[in-house]
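Note sheet for the following structure.
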Amino acid sequence: TQMVGKGLNFPDVTLVGVVSTDKSLYMGDFRSYERTFSLIAQVVGRGGRGEKKGRAILQTCVPDHYVIKLAAKQDYKSFYKEEIIERKRMLYPPICDLCIIGLSGENEEKVKRASEVLMNYIKNKLISENRGHTMPVRLLGPCEAAFGKINKKYRYRIIIKCKNTPLMRDFIRDVLKKGTASKDFGGIS
């Protein structure tokens, strides 16, 4: 799938299979539908490029899912219409920008505590500075990162849904500078 999806041309390929499409569909990332659609649409377009007709077989437990159906038909416009509705509803790019603050350290409890301290700092700062509602912001977390431990370091993250403006960049800069100045951040990156 990966090799064919790269766009290489194999004129004698008449049958293409995509195994476990559900894995990429339910990755837990807001871009997973987009990635799955792109992969399937590319692979479906690879079979039968020469004079011979082609077929594609998709392995899935959800054959009626709109992403699977539209990708199989290579219907980019309909996919965009569906996807943009979902992105608006959930406030994901391109509707807003995402700022992800990641914290890591060797002591899990310390990393978790530091992420909670930072989240409280962000909330309090938003309340005190956002009385005029000039910065619409949504906060998520803190939570363990998708890969909670890498190289013996525990990882937590805070997600900020916002618009990338000079005001917001100044806000984030201040959060990182002053919000991490407490003793709770010793040994935390």
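As shown in the structure tokens, the chain order sets the letters A, B, ...; within each chain, residues go from 1, and ligands are also counted from 1 in the order they appear.
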
List every residue of chain A that DSSP, applied to the backbone of this structure, places in helix (DSSP H, G or I), and write the result as number ranges by chain. A: 2-5, 21-25, 32-44, 66-73, 76-90, 108-129, 166-178, 183-185

Using only C-alpha atoms, which residues sit within 12 Å of stretch 73-86 of chain A once same-chain residues fewer than 2 positions away are excluded, as JSON, numbers by chain? {"A": [30, 31, 32, 33, 34, 35, 36, 37, 38, 39, 40, 41, 42, 43, 44, 45, 46, 55, 56, 65, 66, 67, 68, 69, 70, 71, 88, 89, 90, 91, 92, 93, 94, 95, 96]}

Just-selected residues, N, CA and C atoms written as a CSV table (one decimal), in the first residue's frame:
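As written to disk, out-v8.csv reads:
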```csv
chain,number,residue,atom,x,y,z
A,30,PHE,N,-7.2,14.4,14.4
A,30,PHE,CA,-8.3,15.0,13.6
A,30,PHE,C,-8.0,14.9,12.1
A,31,ARG,N,-6.8,14.6,11.7
A,31,ARG,CA,-6.4,14.4,10.3
A,31,ARG,C,-6.6,13.0,9.8
A,32,SER,N,-7.0,12.1,10.7
A,32,SER,CA,-7.0,10.6,10.3
A,32,SER,C,-7.9,10.4,9.1
A,33,TYR,N,-9.1,11.0,9.1
A,33,TYR,CA,-10.0,10.8,7.9
A,33,TYR,C,-9.4,11.3,6.6
A,34,GLU,N,-8.7,12.5,6.7
A,34,GLU,CA,-8.1,13.1,5.6
A,34,GLU,C,-6.9,12.2,5.0
A,35,ARG,N,-6.1,11.6,5.9
A,35,ARG,CA,-5.0,10.7,5.6
A,35,ARG,C,-5.6,9.4,4.9
A,36,THR,N,-6.6,8.9,5.6
A,36,THR,CA,-7.2,7.6,5.0
A,36,THR,C,-7.8,7.9,3.7
A,37,PHE,N,-8.5,8.9,3.5
A,37,PHE,CA,-9.1,9.3,2.2
A,37,PHE,C,-8.0,9.4,1.2
A,38,SER,N,-7.0,10.1,1.5
A,38,SER,CA,-5.9,10.4,0.5
A,38,SER,C,-5.2,9.1,0.1
A,39,LEU,N,-4.9,8.2,1.1
A,39,LEU,CA,-4.2,7.0,0.8
A,39,LEU,C,-5.1,6.1,-0.1
A,40,ILE,N,-6.4,5.9,0.3
A,40,ILE,CA,-7.3,5.0,-0.5
A,40,ILE,C,-7.4,5.6,-1.9
A,41,ALA,N,-7.7,6.9,-2.0
A,41,ALA,CA,-7.9,7.5,-3.3
A,41,ALA,C,-6.7,7.3,-4.2
A,42,GLN,N,-5.5,7.5,-3.6
A,42,GLN,CA,-4.2,7.3,-4.4
A,42,GLN,C,-4.1,5.9,-4.9
A,43,VAL,N,-4.3,5.0,-4.0
A,43,VAL,CA,-4.1,3.5,-4.3
A,43,VAL,C,-5.1,3.1,-5.3
A,44,VAL,N,-6.4,3.5,-5.1
A,44,VAL,CA,-7.4,3.1,-6.1
A,44,VAL,C,-7.1,3.6,-7.5
A,45,GLY,N,-6.5,4.8,-7.5
A,45,GLY,CA,-6.1,5.3,-8.8
A,45,GLY,C,-4.9,4.7,-9.5
A,46,ARG,N,-4.2,3.8,-8.8
A,46,ARG,CA,-3.0,3.1,-9.3
A,46,ARG,C,-3.3,1.9,-10.1
A,55,ARG,N,-8.8,-3.1,-10.5
A,55,ARG,CA,-9.7,-3.2,-9.4
A,55,ARG,C,-8.9,-2.9,-8.1
A,56,ALA,N,-9.7,-2.5,-7.1
A,56,ALA,CA,-9.1,-2.2,-5.8
A,56,ALA,C,-10.0,-2.9,-4.7
A,65,HIS,N,-18.8,3.7,5.8
A,65,HIS,CA,-18.3,5.0,6.3
A,65,HIS,C,-18.1,5.9,5.1
A,66,TYR,N,-18.5,7.1,5.3
A,66,TYR,CA,-18.4,8.1,4.1
A,66,TYR,C,-16.9,8.2,3.6
A,67,VAL,N,-15.9,8.1,4.5
A,67,VAL,CA,-14.6,8.3,4.0
A,67,VAL,C,-14.2,7.2,3.1
A,68,ILE,N,-14.6,5.9,3.4
A,68,ILE,CA,-14.3,4.8,2.6
A,68,ILE,C,-15.0,4.9,1.2
A,69,LYS,N,-16.3,5.2,1.3
A,69,LYS,CA,-17.1,5.3,0.1
A,69,LYS,C,-16.6,6.4,-0.9
A,70,LEU,N,-16.3,7.5,-0.3
A,70,LEU,CA,-15.9,8.7,-1.2
A,70,LEU,C,-14.5,8.5,-1.7
A,71,ALA,N,-13.6,7.9,-0.9
A,71,ALA,CA,-12.3,7.6,-1.4
A,71,ALA,C,-12.3,6.6,-2.5
A,88,LYS,N,-15.5,22.3,11.4
A,88,LYS,CA,-16.1,23.5,12.0
A,88,LYS,C,-16.8,23.1,13.3
A,89,ARG,N,-17.4,22.0,13.3
A,89,ARG,CA,-18.2,21.5,14.5
A,89,ARG,C,-17.2,21.3,15.7
A,90,MET,N,-16.0,20.7,15.4
A,90,MET,CA,-15.1,20.4,16.4
A,90,MET,C,-14.0,21.4,16.7
A,91,LEU,N,-14.0,22.5,15.9
A,91,LEU,CA,-13.0,23.6,16.0
A,91,LEU,C,-11.6,23.0,15.7
A,92,TYR,N,-11.4,22.5,14.5
A,92,TYR,CA,-10.1,22.0,14.1
A,92,TYR,C,-9.6,22.8,12.9
A,93,PRO,N,-8.3,22.8,12.6
A,93,PRO,CA,-7.9,23.5,11.4
A,93,PRO,C,-8.6,23.0,10.1
A,94,PRO,N,-8.9,23.9,9.2
A,94,PRO,CA,-8.4,25.3,9.1
A,94,PRO,C,-9.3,26.3,9.8
A,95,ILE,N,-10.3,25.9,10.6
A,95,ILE,CA,-11.2,26.8,11.3
A,95,ILE,C,-10.4,27.6,12.4
A,96,CYS,N,-9.5,26.9,13.0
A,96,CYS,CA,-8.7,27.5,14.0
A,96,CYS,C,-7.3,27.0,13.9
```

Give me the residues near stretch 156-164 of chain A as a ChimeraX atom specification, where near means some atom within 8 Å (using only C-alpha atoms) and where sequence neighbours in that chain fewer than 5 positions away do not count. /A:91-92,96-104,111-112,115,119,135-145,148,169

Secondary structure check, strand (DSSP E) residues of stretch 85-188 of chain A, as a ChimeraX atom specification: /A:97-105,138-150,153-162

Skip A:Gly17 itself and residues of its chain fewer than 5 positions away, then list as a PyMOL selection string all residues within 8 Å of it, counting only C-alpha atoms. chain A and resi 1+56-59

Selected residues written out with all heavy atoms, as an mmCIF file, in the first residue's frame:
```cif
data_model
loop_
_atom_site.group_PDB
_atom_site.id
_atom_site.type_symbol
_atom_site.label_atom_id
_atom_site.label_comp_id
_atom_site.auth_asym_id
_atom_site.auth_seq_id
_atom_site.Cartn_x
_atom_site.Cartn_y
_atom_site.Cartn_z
ATOM 1 N N THR A 1 0.838 -1.204 0.000
ATOM 2 C CA THR A 1 0.000 0.000 0.000
ATOM 3 C C THR A 1 0.869 1.249 0.000
ATOM 4 O O THR A 1 0.653 2.155 -0.778
ATOM 5 C CB THR A 1 -0.941 0.004 1.226
ATOM 6 O OG1 THR A 1 -1.713 -1.182 1.219
ATOM 7 C CG2 THR A 1 -1.855 1.203 1.179
ATOM 8 N N ALA A 56 -9.707 -2.463 -7.075
ATOM 9 C CA ALA A 56 -9.128 -2.236 -5.750
ATOM 10 C C ALA A 56 -9.998 -2.949 -4.732
ATOM 11 O O ALA A 56 -11.233 -2.915 -4.821
ATOM 12 C CB ALA A 56 -9.057 -0.753 -5.437
ATOM 13 N N ILE A 57 -9.353 -3.597 -3.766
ATOM 14 C CA ILE A 57 -10.070 -4.264 -2.680
ATOM 15 C C ILE A 57 -9.651 -3.585 -1.382
ATOM 16 O O ILE A 57 -8.458 -3.470 -1.086
ATOM 17 C CB ILE A 57 -9.741 -5.770 -2.633
ATOM 18 C CG1 ILE A 57 -10.199 -6.438 -3.930
ATOM 19 C CG2 ILE A 57 -10.401 -6.417 -1.416
ATOM 20 C CD1 ILE A 57 -9.789 -7.886 -4.054
ATOM 21 N N LEU A 58 -10.642 -3.125 -0.633
ATOM 22 C CA LEU A 58 -10.388 -2.439 0.635
ATOM 23 C C LEU A 58 -10.860 -3.324 1.774
ATOM 24 O O LEU A 58 -12.025 -3.729 1.788
ATOM 25 C CB LEU A 58 -11.133 -1.102 0.682
ATOM 26 C CG LEU A 58 -10.942 -0.161 -0.509
ATOM 27 C CD1 LEU A 58 -11.835 1.058 -0.373
ATOM 28 C CD2 LEU A 58 -9.492 0.244 -0.626
ATOM 29 N N GLN A 59 -9.991 -3.608 2.718
ATOM 30 C CA GLN A 59 -10.380 -4.388 3.890
ATOM 31 C C GLN A 59 -10.829 -3.422 4.982
ATOM 32 O O GLN A 59 -10.052 -2.574 5.433
ATOM 33 C CB GLN A 59 -9.209 -5.224 4.396
ATOM 34 C CG GLN A 59 -9.575 -6.058 5.610
ATOM 35 C CD GLN A 59 -8.352 -6.656 6.278
ATOM 36 O OE1 GLN A 59 -7.296 -6.041 6.327
ATOM 37 N NE2 GLN A 59 -8.510 -7.865 6.790
#
```
